[in-house]
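Undergrad: Once you've had a glance at the structure underneath, I'll fire off some questions.
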Amino acid sequence: MVAPTVRLCAGPFDAAREEALLLQGRTDIGALVCFTGLCRDEAGTLAALELEHYPGMAESEIAAIAADALTRWPLQGLTVLHRYGLIRPGEKIVLVAAAARHRGEAFAAAEFLMDYLKTRAPFWKKEHRADGREGGWVEAKASDDAAAERWQE
Amino acid sequence: MVAPTVRLCAGPFDAAREEALLLQGRTDIGALVCFTGLCRDEAGTLAALELEHYPGMAESEIAAIAADALTRWPLQGLTVLHRYGLIRPGEKIVLVAAAARHRGEAFAAAEFLMDYLKTRAPFWKKEHRADGREGGWVEAKASDDAAAERWQE
Amino acid sequence: MKAVYFASVRERIGLTEEEISPPAGVATVAELIGWLSARGEGYAAAFANAATIRAAIDRNHARPDSPIRAAREIAFFPPMTGG
Amino acid sequence: MKAVYFASVRERIGLTEEEISPPAGVATVAELIGWLSARGEGYAAAFANAATIRAAIDRNHARPDSPIRAAREIAFFPPMTGG
């Protein structure tokens, strides 16, 4: 059974290094799908995102989602990193990397992880506006709930 | 309109560098999906894959598929690299990297590119066996045709 | 038991966490939200739209009808927006 | 016109490319496959399972009924296995 790598990061992470670690020394992996989520500046209006999280539960919830993915698809490697704290436009917020023999499994697992992270992992985004005015909490999207629901039997 | 990067490679390519180039200086990208296809050793029986291609058509066909993807999804960046020649187990064969504001578009475009590359780009894989016996041409999979058909209206 | 608050719930209540001792009649998450809402203006604002508020009991997602009596830590927060 | 061959088709015919001059009655990809198949044992083997053989005319995918008279280069190959 594959042991997923799950890590919360207080600062920037090196996605390329994580991807290289997943593949290192392996000759049995046929497909690697890496999803990176990044902070957008929203046409220059956003100075930063502040990511609040629930320490303890954030890690355990991501680990539970990763374990669920491993029961659904025969993955050969799985890495999930998630930032918290202040994140500037252009910086990476989340990385999901799924390795498998075939591409269908790797794609499905990475999409599943993202859909579940969005709706089940205890993180909340607050906007810091570029004009200095008080930013608000990012609203949850109904489309994210719908995306997560498609994985339920 | 985004100009996709399409390149055939006679030797190993640096996927991390291509991904970094796609993101460099950008603060408008929210999602990056990178697919890497790798050569498997098939439980030690495979010494190498030899990828034959149709020079001229391989480039133009990948460019056409990339252009098609850009009409289907509002992508912010798209890179497709494909190896040819002799490829050892563990080496990368293909990279598709799709950047967009939202993850759904990036995932869909990357999957579309791979499904179409598999069934429309003129490449053929021959196996070189580890035991020195003559290897055969890899058979096309019906599952790849089915995967490509789901994108047709 | 300990109550912990996140994001807009935390801001409206003005606390990150506190010890609470709800009476015996408060048995579920929904009942606890009702009881907390009566503690003051900030609480009332935090839970005004109770249907959108999520809860976790001992760091596992809970539902409005989840029983709370065995909980050591119960968290309240708006819908999550990570990823 | 130039005929080019790839993968198992190339191996069976024993050529990577050649100039061909099919008679006027050979008007489509399917008819050209039929005409080529009669040129010898290797050709017959290459096109034995004609339904699986793909063709491209001037580097664009073609179909069995695609007209060939304007082609400068016509390629034959098995189903693709790239990616």
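Each chain in the structure tokens gets a letter, A, B, ..., in the order shown, and its residues are numbered from 1; ligands are numbered from 1 in order too.
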Do a neighbour search on A:Gly136 at 8 Å with only C-alpha atoms, toss out local chain neighbours closer than 6 positions, and write the hits as a PDB file with all heavy atoms, in the first residue's frame.
TA:
```pdb
ATOM      1  N   LYS A 126      -9.168  34.719   3.095  1.00  0.00           N
ATOM      2  CA  LYS A 126      -9.571  36.120   3.224  1.00  0.00           C
ATOM      3  C   LYS A 126      -8.752  36.958   2.242  1.00  0.00           C
ATOM      4  O   LYS A 126      -7.543  36.752   2.108  1.00  0.00           O
ATOM      5  CB  LYS A 126      -9.323  36.617   4.641  1.00  0.00           C
ATOM      6  CG  LYS A 126      -9.868  38.021   4.865  1.00  0.00           C
ATOM      7  CD  LYS A 126      -9.936  38.387   6.325  1.00  0.00           C
ATOM      8  CE  LYS A 126     -10.895  39.568   6.504  1.00  0.00           C
ATOM      9  NZ  LYS A 126     -11.134  39.852   7.921  1.00  0.00           N
ATOM     10  N   GLU A 127      -9.432  37.894   1.588  1.00  0.00           N
ATOM     11  CA  GLU A 127      -8.745  38.734   0.606  1.00  0.00           C
ATOM     12  C   GLU A 127      -8.155  39.979   1.261  1.00  0.00           C
ATOM     13  O   GLU A 127      -8.824  40.644   2.066  1.00  0.00           O
ATOM     14  CB  GLU A 127      -9.731  39.162  -0.495  1.00  0.00           C
ATOM     15  CG  GLU A 127     -10.238  37.984  -1.313  1.00  0.00           C
ATOM     16  CD  GLU A 127     -11.124  38.406  -2.465  1.00  0.00           C
ATOM     17  OE1 GLU A 127     -11.710  39.507  -2.401  1.00  0.00           O
ATOM     18  OE2 GLU A 127     -11.230  37.628  -3.431  1.00  0.00           O
ATOM     19  N   HIS A 128      -6.914  40.291   0.907  1.00  0.00           N
ATOM     20  CA  HIS A 128      -6.315  41.583   1.249  1.00  0.00           C
ATOM     21  C   HIS A 128      -6.298  42.399  -0.037  1.00  0.00           C
ATOM     22  O   HIS A 128      -5.650  42.008  -1.004  1.00  0.00           O
ATOM     23  CB  HIS A 128      -4.892  41.400   1.783  1.00  0.00           C
ATOM     24  CG  HIS A 128      -4.843  40.771   3.141  1.00  0.00           C
ATOM     25  ND1 HIS A 128      -4.143  41.308   4.180  1.00  0.00           N
ATOM     26  CD2 HIS A 128      -5.450  39.659   3.625  1.00  0.00           C
ATOM     27  CE1 HIS A 128      -4.293  40.539   5.256  1.00  0.00           C
ATOM     28  NE2 HIS A 128      -5.077  39.538   4.943  1.00  0.00           N
TER      29      HIS A 128
END
```
Undergrad: Identify, on the basis of only C-alpha atoms, every residue whose closest approach to stretch 96-99 of chain A does not exceed 8 Å; exclude the query and any residue fewer than 3 positions from it along the same chain; express the result as a ChimeraX atom specification.
TA: /A:19,22,29-36,75-81,106-107,109-110,113-114
Undergrad: Quote the spacing between atom CA of B:Leu8 and atom CA of D:Ile57 in Å to one decimal place.
TA: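 So the answer is 21.3 Å.
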Undergrad: Could you give me, as a PyMOL selection string, the residues within 8 Å of D:Ser8, counting only C-alpha atoms and dropping anything in the same chain fewer than 6 positions from it?
TA: (chain B and resi 137) or (chain D and resi 46+77-78)
Undergrad: Compute the chain A side of the contact with chain C at 7 Å, counting only C-alpha atoms, and hand it back as a PyMOL selection string.
TA: chain A and resi 37+52+57+93-94+114+117-125+138+140
Undergrad: Using backbone DSSP assignments, extract all alpha helix (DSSP H) residues from stretch 10-131 of chain A; output them as number ranges by chain.
TA: A: 15-23, 57-72, 103-120
Undergrad: From the DSSP assignment of the backbone, select every residue of stretch 8-147 of chain B that is strand (DSSP E), and format the answer as a ChimeraX atom specification.
TA: /B:8-9,31-38,46-53,75-83,85-87,92-100,123-129
Undergrad: Measuring between only C-alpha atoms, which one of C:Ala44, C:Val29, C:Ala50, C:Leu36 shows the shortest distance to C:Arg63?
TA: C:Val29
Undergrad: Would you list the contacts of C:Ala48 as a list in words, taking every protein, DNA or RNA residue within 12 Å and counting only C-alpha atoms, but skipping same-chain residues closer than 5 positions in sequence?
TA: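 Residues meeting the cut-off are Ser8, Val9, Arg12, Ile13, Ile33, Gly34, Leu36, Ser37, Ala38, Gly40, Glu41, Gly42, Tyr43, Ile53 and Pro78 of chain C.
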Undergrad: Provide the atom CA of A:Val6 to atom CA of A:Lys92 distance in Å, to one decimal place.
TA: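 Those two atoms sit 15.6 Å apart.
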